[in-house]
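Participant: Let me give you the structure first, and then I'll get to my questions.
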Amino acid sequence: MTPTANISTLNRLDPGDCGTILALDAGEELYQRLVALGLRIGNSVRMLRRARFGGPLHIRVGTTELMLRVREARCIRIAHDTATDPSV
Amino acid sequence: MIGMPNTGKSTLFNRLTGAHAKVGNWPGLTVDLLSARLIIGDQVIQLVDLPGIYDLNGYSEDEKVVTTFLAQNHIDLALVVLNASQIDRQLALLGQIMRLGLPIVLVLNMVDEAAALGITIDAGGLSAKLGIPVCLLSAKYGQGVEQLQPVMRGVLGKKPTARATGVGAVSLDERQLEACVKSCVSVPAQASHALTEKIDRILLHPWLGLPIFFGVMFLLFEVVFVLGKPIQDAMAWGFTAVRSEALEPALAGLPIVLKGLMLDGVYNGLSTVASFVPIIVLFFLCMGIVEDAGYLSRAAFLMDALMARFGLDGRSFVMVLMGFGCNVPALMGTRVIRSRGLRLLTMLVIPLSLCSARMQVFVFFIAALFSAEAAPLVLFSLYVMSILTAMLTSLLFKRRYINTDPFVLEMPPYRFPTLRQIILRGWHEVGHFMRRATRFIVAGVVLVWLLTNFPQGATPGGVDTWAGQIGALLNPVLSPLGIDPKLTIALIFGFVAKEIVIGSLAVIYNMEGSALVSTIAHQIDWIQAYSFMLFTLIYTPCLSTIATIRTESKSKAFSALAIVWPLGLAWIVSFLFYQIARHLAA
Ligand SMILES: Nc1nc2c(ncn2[C@@H]2O[C@H](COP(=O)(O)OP(=O)(O)OP(=O)(O)O)[C@@H](O)[C@H]2O)c(=O)[nH]1
Ligand SMILES: [Mg+2]
């Protein structure tokens with residue numbers, strides 16, 4: 001299983017897909033909050049669903065589930081794992 | 001007691017001290033300090049439940065409460081409460097607290113959930129590595145809680161000098177902490193809450209999610225109405241019986257004025273309000289279940305896109321929902337919002353949220369003037385109006401109060417409240433209601449009685465009483481809304497607390513129970529009643545709400561706006577409704 005790493009941002013993930021966090025392009029305040037919620041470099045995130053009408057994204061990092069707006073998700077650079085885990 | 005939001009600090013606090021701190025599955029429920037005494041060994045200690053905190057360098061108001069507290073108080077022991085199943089990310093906070101050099105006991109709460117996820121934690125190993133005691137427990141179900149007291153006693157029993165130097169706690173940096181977690185905690189590769197995932201698939205469904213949400217809310221009000229109304233009727237009947245069977249004979253010897261004050265003033269007013277207690281309790285039980293289950297976060301998720309158009313976010317919507325209980329905690333709940341613009345805008349819309357005190361007034365009028373089938377729908381329409389006026393307000397003011405807050409929120413797993421939690425909650429609300437009753441309602445109804453029975457010689461409740469004069473004075477303003485002078489008096493007292501409205505009506509009409517209901521049904525029609533309800537819904541919030549707005553916003557100008565704007569809006573809405581409905585009906 002060698003995922004063809006494909007650099008992108010979190011908001012581009014499709015529901016069910018996973019990615020690994022590469023960088024957080026956020027200001028100090030937001031950076032701290034993201035880290036405290038488990039969005040750290042190297043962690044793997046899974047997109048669970050997107051709300052309608054451009055609403056927030058529902059993601060999972062480790063055992064924590066979060067929602068965040070697309071604007072915030074754009075700050076999170078990830079490597080898209082194209083080989084999606086079959087065990088969704 | 002310190003830890004990240006929603007880790008169960010308040011639950012543990014309640015378990016240890018027998019206090020009634022509010023518990024709910026929503027990160028940021030506790031936003032203020034709450035303390036209680038606790039006896040450990042031979043010492044009496046003050047245990048303080050702090051708001052949840054993500055970071056010791058946090059910027060929001062609730063986090064500042066914590067940092068100020070830490071800076072200003074001498075702390076003998078920090079109980080650091082973390083969620084055992086999220087230990088990987090939460091341990092960083094422990095690291096920060098350890099750097100403060102306080103004696104620490106680490107509590108890993110929610111072991112029941114961690115076990116269900118297949119997470120195993122080696123408490124002994126972790127304790128040895130960190131150099132502090134570690135307790136694995138479940139505050140909600142009580143397992144493991146008994147080990148906490150001896151551990152606390154152990155740490156508190158040490159000599160203060162030994163404590164000041166930080167006991168044996170080693171200062172660890174991020175990397176070392178991570179290594180500790182790796183060696184002592186094992187998390188299965190696929191750890192997720194299966195049940196939560198299943199429920200979310202339905203409740204957060206792209207198309208069905210919102211309709212289901214409104215359906216659930218409608219069902220909640222329907223349940224409150226259908227179950228609560230008969231109980232309330234029975235209570236009202238009971239109070240009338242007590243009056244005619246016991247009180248009237250007992251007080252027969254008293255002077256007429258005193259008897260009038262006691263029976264027509266205090267007793268009628270209070271008993272009418274008290275008959276609503278079951279409905280209020282029922283309402284809070286239902287809201288409590290919704291809140292504790294974790295549906296609020298889902299509501300935030302579902303509504304955020306819409307709220308964004310109105311300059312608000314999902315959290316603002318949750319605060320409006322919380323305001324359905326009481327506006328005061330909802331206003332305080334806005335402390336989790338860091339952007340001042342968003343916080344003020346949210347505080348401006350919360351008072352429009354239909355709180356349980358206003359619900360009493362509505363249940364009363366709806367039962368008097370609408371058929372049993374229409375009643376729940378009418379009540380629901382007022383909740384819809386409440387949300388619509390909130391949205392209109394934010395639309396008008398969103399350019400003044402600009403939202404710059406990022407929106408990143410935890411979505412906790414569904415948790416089902418235990419019977420114990422539900423009962424505690426209901427009991428707590430009764431207590432809250434009783435305190436308000438003794439503070440405001442008694443004084444309010446006595447004052448109303450004086451106004452409607454004096455000056456001497458005036459016909460009670462007539463136009464020549466003080467109340468009648470005030471009513472006449474305001475008549476030109478309120479008669480275009482269909483609100484008569486008697487209702488006007490009730491509205492004036494509603495400024496103080498909405499609970500008084502019903503109580504004062506009982507005093508003004510000099511009746512209680514079913515007699516009061518049928519008299520009102522004869523004197524006004526449904527259009528007037530609905531207009532009155534709209535006005536009551538929107539106009540100036542109660543005194544406690546205003547006081548909270550003042551302290552939370554720290555701005556006189558903003559507080560003034562929060563009083564004047566709803567008053568104007570109430571007039572306009574009721575005016576439009578009343579005039580249009582009259583023309584259509586004619
Ligand atoms: N499964 C489980 N749930 C728990 C446990 N302890 C608390 N909870 C639930 O977790 C949720 C949060 O509990 P609170 O006590 O309000 O958490 P808190 O840390 O005070 O939260 P904030 O005030 O927001 O910081 C509630 O729904 C509790 O019922 C536990 O040991 N196991
Ligand atoms: Mg709490």
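Ordered as shown in the structure tokens, chains take letters A, B, and onward, while each chain numbers its residues from 1 and ligands are numbered from 1 in the order shown.
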Residues of chain A near chain B: apply a cut-off of 8 Å, count only C-alpha atoms, and supply the list as a list of chain:residue names.

Facilitator: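 On the chain A side, the interface is A:Glu29, A:Leu30, A:Gln32, A:Arg33, A:Leu34, A:Val35, A:Ala36, A:Leu37, A:Gly38, A:Arg50, A:Ala51, A:Arg52, A:Phe53, A:Gly54, A:Gly55, A:Pro56, A:Gly62, A:Thr63, A:Thr64, A:Glu65, A:Leu66, A:Met67, A:Leu68, A:Arg69, A:Glu72.
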
Participant: Would you output that residue set with N, CA, C and O atoms, as a tab-separated table (two decimals), in the first residue's frame?

Facilitator:
```
chain	number	residue	atom	x	y	z
A	29	GLU	N	-3.37	32.22	16.81
A	29	GLU	CA	-4.54	31.82	17.59
A	29	GLU	C	-5.18	30.56	17.03
A	29	GLU	O	-5.42	29.59	17.75
A	30	LEU	N	-5.44	30.59	15.73
A	30	LEU	CA	-6.09	29.45	15.10
A	30	LEU	C	-5.17	28.24	15.14
A	30	LEU	O	-5.61	27.12	15.40
A	32	GLN	N	-2.98	27.39	17.37
A	32	GLN	CA	-3.04	26.76	18.70
A	32	GLN	C	-4.29	25.93	18.87
A	32	GLN	O	-4.26	24.83	19.40
A	33	ARG	N	-5.42	26.50	18.43
A	33	ARG	CA	-6.68	25.79	18.59
A	33	ARG	C	-6.70	24.51	17.77
A	33	ARG	O	-7.12	23.46	18.23
A	34	LEU	N	-6.20	24.60	16.54
A	34	LEU	CA	-6.19	23.42	15.68
A	34	LEU	C	-5.34	22.32	16.29
A	34	LEU	O	-5.73	21.15	16.32
A	35	VAL	N	-4.19	22.71	16.81
A	35	VAL	CA	-3.30	21.72	17.41
A	35	VAL	C	-3.96	21.09	18.64
A	35	VAL	O	-3.94	19.88	18.84
A	36	ALA	N	-4.61	21.95	19.44
A	36	ALA	CA	-5.27	21.44	20.65
A	36	ALA	C	-6.38	20.46	20.30
A	36	ALA	O	-6.68	19.55	21.07
A	37	LEU	N	-6.97	20.64	19.14
A	37	LEU	CA	-8.04	19.73	18.74
A	37	LEU	C	-7.50	18.50	18.02
A	37	LEU	O	-8.26	17.67	17.55
A	38	GLY	N	-6.21	18.41	17.92
A	38	GLY	CA	-5.61	17.20	17.36
A	38	GLY	C	-5.14	17.32	15.92
A	38	GLY	O	-4.63	16.36	15.36
A	50	ARG	N	-19.79	16.57	4.22
A	50	ARG	CA	-19.86	18.02	4.07
A	50	ARG	C	-21.31	18.43	4.23
A	50	ARG	O	-22.19	17.75	3.72
A	51	ALA	N	-21.53	19.55	4.91
A	51	ALA	CA	-22.90	20.04	5.03
A	51	ALA	C	-23.31	20.68	3.72
A	51	ALA	O	-22.46	21.10	2.94
A	52	ARG	N	-24.60	20.74	3.48
A	52	ARG	CA	-25.12	21.36	2.26
A	52	ARG	C	-24.82	22.85	2.20
A	52	ARG	O	-24.52	23.48	3.22
A	53	PHE	N	-24.99	23.42	1.06
A	53	PHE	CA	-24.90	24.87	0.84
A	53	PHE	C	-23.58	25.45	1.32
A	53	PHE	O	-23.54	26.50	1.95
A	54	GLY	N	-22.51	24.73	1.07
A	54	GLY	CA	-21.19	25.25	1.45
A	54	GLY	C	-20.99	25.34	2.95
A	54	GLY	O	-20.20	26.15	3.43
A	55	GLY	N	-21.69	24.52	3.69
A	55	GLY	CA	-21.58	24.51	5.15
A	55	GLY	C	-20.30	23.83	5.62
A	55	GLY	O	-19.41	23.54	4.82
A	56	PRO	N	-20.20	23.59	6.91
A	56	PRO	CA	-18.97	23.06	7.47
A	56	PRO	C	-18.66	21.62	7.04
A	56	PRO	O	-19.52	20.93	6.51
A	62	GLY	N	-7.76	11.00	14.59
A	62	GLY	CA	-7.64	10.09	15.73
A	62	GLY	C	-9.03	9.71	16.19
A	62	GLY	O	-9.87	9.31	15.39
A	63	THR	N	-9.30	9.88	17.48
A	63	THR	CA	-10.64	9.52	17.97
A	63	THR	C	-11.52	10.76	18.12
A	63	THR	O	-12.60	10.67	18.66
A	64	THR	N	-11.03	11.91	17.67
A	64	THR	CA	-11.80	13.13	17.83
A	64	THR	C	-12.51	13.48	16.53
A	64	THR	O	-11.91	13.42	15.46
A	65	GLU	N	-13.80	13.84	16.65
A	65	GLU	CA	-14.50	14.32	15.47
A	65	GLU	C	-14.67	15.83	15.57
A	65	GLU	O	-14.93	16.37	16.64
A	66	LEU	N	-14.51	16.50	14.46
A	66	LEU	CA	-14.56	17.97	14.44
A	66	LEU	C	-15.40	18.44	13.28
A	66	LEU	O	-15.60	17.73	12.30
A	67	MET	N	-15.89	19.68	13.41
A	67	MET	CA	-16.45	20.33	12.23
A	67	MET	C	-15.70	21.63	12.05
A	67	MET	O	-15.28	22.26	13.03
A	68	LEU	N	-15.50	22.00	10.82
A	68	LEU	CA	-14.85	23.28	10.57
A	68	LEU	C	-15.31	23.81	9.22
A	68	LEU	O	-15.76	23.06	8.37
A	69	ARG	N	-15.24	25.12	9.08
A	69	ARG	CA	-15.68	25.72	7.84
A	69	ARG	C	-14.62	25.52	6.76
A	69	ARG	O	-13.45	25.31	7.06
A	72	GLU	N	-11.44	27.57	7.04
A	72	GLU	CA	-10.41	27.06	7.95
A	72	GLU	C	-9.72	25.83	7.36
A	72	GLU	O	-8.52	25.65	7.53
```

Participant: Within 7 Å of ligand 1, counting only C-alpha atoms and all ligand atoms, which protein or nucleic acid residues do you find, written as a PyMOL selection string?

Facilitator: chain B and resi 3-12+22-31+51-53+109-113+137-141+292-294+415+417

Participant: Which of chain A end up as strand (DSSP E) when DSSP is run on this backbone - answer as an MDAnalysis selection string?

Facilitator: chainID A and resid 6:9 18:24 44:50 57:61 64:68 76:81

Participant: Compare B:Asn268, B:Thr551, B:Ser186, B:Gln72 by their minimum atom-to-atom distance to B:Ile502, counting only C-alpha atoms, and give me the closest one.

Facilitator: B:Asn268

Participant: Can you tell me, as a PyMOL selection string, which residues in stretch 469-583 of chain B count as alpha helix (DSSP H) by DSSP?

Facilitator: chain B and resi 469-478+485-494+499-509+513-523+526-538+543-553+556-583

Participant: Could you tell me how far atom CA of B:Arg550 lies from atom CA of B:Leu352, in Å and to one decimal?

Facilitator: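 Interatomic distance here is 16.2 Å.
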
Participant: Quick one: everything within 10 Å of A:Pro15, counting only C-alpha atoms, minus sequence neighbours fewer than 3 positions away in the same chain. Send it as a ChimeraX atom specification.

Facilitator: /A:12,18,46-50,57-59

Participant: Those same residues, written as a compact mmCIF listing (two decimals), in the first residue's frame with all heavy atoms?

Facilitator:
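result_8.txt was written with the following content:
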```
# COMPACT_ATOMS: atom_id res chain seq x y z
N ARG A 12 -10.40 19.96 0.04
CA ARG A 12 -10.55 19.27 -1.24
C ARG A 12 -10.83 17.78 -1.09
O ARG A 12 -11.11 17.10 -2.06
CB ARG A 12 -9.26 19.42 -2.06
CG ARG A 12 -8.93 20.84 -2.40
CD ARG A 12 -9.20 21.06 -3.88
NE ARG A 12 -8.67 22.34 -4.32
CZ ARG A 12 -7.38 22.59 -4.48
NH1 ARG A 12 -6.48 21.65 -4.22
NH2 ARG A 12 -6.98 23.76 -4.88
N CYS A 18 -9.02 10.02 2.97
CA CYS A 18 -8.11 10.36 4.06
C CYS A 18 -6.94 11.17 3.54
O CYS A 18 -6.63 11.15 2.35
CB CYS A 18 -7.53 9.10 4.69
SG CYS A 18 -8.77 8.16 5.54
N ARG A 46 -9.66 12.08 8.24
CA ARG A 46 -10.62 11.49 7.32
C ARG A 46 -11.81 12.45 7.17
O ARG A 46 -12.31 12.98 8.16
CB ARG A 46 -11.12 10.15 7.85
CG ARG A 46 -12.16 9.51 6.93
CD ARG A 46 -12.86 8.36 7.64
NE ARG A 46 -11.94 7.27 7.89
CZ ARG A 46 -11.67 6.31 6.99
NH1 ARG A 46 -12.25 6.34 5.82
NH2 ARG A 46 -10.84 5.36 7.28
N MET A 47 -12.20 12.68 5.94
CA MET A 47 -13.38 13.50 5.69
C MET A 47 -14.60 12.63 5.86
O MET A 47 -14.72 11.58 5.22
CB MET A 47 -13.31 14.05 4.27
CG MET A 47 -14.51 14.83 3.83
SD MET A 47 -14.63 16.41 4.65
CE MET A 47 -13.25 17.25 3.90
N LEU A 48 -15.49 13.00 6.74
CA LEU A 48 -16.70 12.18 6.94
C LEU A 48 -17.85 12.67 6.07
O LEU A 48 -18.51 11.90 5.40
CB LEU A 48 -17.11 12.21 8.41
CG LEU A 48 -16.09 11.60 9.38
CD1 LEU A 48 -16.54 11.77 10.81
CD2 LEU A 48 -15.87 10.13 9.07
N ARG A 49 -18.10 13.97 6.10
CA ARG A 49 -19.19 14.50 5.26
C ARG A 49 -19.06 16.01 5.17
O ARG A 49 -18.31 16.63 5.91
CB ARG A 49 -20.55 14.14 5.84
CG ARG A 49 -20.77 14.63 7.25
CD ARG A 49 -22.19 14.41 7.69
NE ARG A 49 -22.58 13.02 7.67
CZ ARG A 49 -22.21 12.11 8.56
NH1 ARG A 49 -21.41 12.44 9.55
NH2 ARG A 49 -22.62 10.87 8.48
N ARG A 50 -19.79 16.57 4.22
CA ARG A 50 -19.86 18.02 4.07
C ARG A 50 -21.31 18.43 4.23
O ARG A 50 -22.19 17.75 3.72
CB ARG A 50 -19.42 18.43 2.67
CG ARG A 50 -18.03 18.03 2.32
CD ARG A 50 -17.85 18.10 0.82
NE ARG A 50 -16.41 18.19 0.54
CZ ARG A 50 -15.77 19.33 0.42
NH1 ARG A 50 -16.42 20.47 0.47
NH2 ARG A 50 -14.47 19.33 0.21
N LEU A 57 -17.41 21.24 7.26
CA LEU A 57 -16.96 19.88 6.97
C LEU A 57 -16.91 19.11 8.28
O LEU A 57 -16.61 19.67 9.32
CB LEU A 57 -15.55 19.93 6.36
CG LEU A 57 -15.34 20.99 5.29
CD1 LEU A 57 -13.87 21.02 4.89
CD2 LEU A 57 -16.22 20.70 4.09
N HIS A 58 -17.19 17.84 8.18
CA HIS A 58 -17.15 16.96 9.34
C HIS A 58 -15.98 16.00 9.14
O HIS A 58 -15.96 15.26 8.18
CB HIS A 58 -18.49 16.21 9.42
CG HIS A 58 -18.63 15.34 10.62
ND1 HIS A 58 -19.71 14.52 10.81
CD2 HIS A 58 -17.85 15.15 11.71
CE1 HIS A 58 -19.59 13.87 11.96
NE2 HIS A 58 -18.47 14.23 12.51
N ILE A 59 -15.00 16.09 10.04
CA ILE A 59 -13.80 15.28 9.84
C ILE A 59 -13.47 14.50 11.11
O ILE A 59 -14.01 14.78 12.18
CB ILE A 59 -12.58 16.15 9.48
CG1 ILE A 59 -12.31 17.16 10.59
CG2 ILE A 59 -12.79 16.85 8.16
CD1 ILE A 59 -10.96 17.82 10.48
```

Participant: Measuring between only C-alpha atoms, which one of A:Val70, A:Tyr31, A:Asp81, A:Gly42 shows the shortest distance to A:Asp17?

Facilitator: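 Among the listed residues, the smallest separation from A:Asp17 belongs to A:Asp81.
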
Participant: Please measure the separation of atom CA of B:Tyr383 and atom CA of B:Thr418, giving the value in Å to one decimal.

Facilitator: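 Those two atoms sit 28.3 Å apart.
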
Participant: Counting only C-alpha atoms and all ligand atoms, which of B:Asp42, B:Glu499, B:Asp49, B:Glu512 gets nearest to ligand 2?

Facilitator: B:Asp49
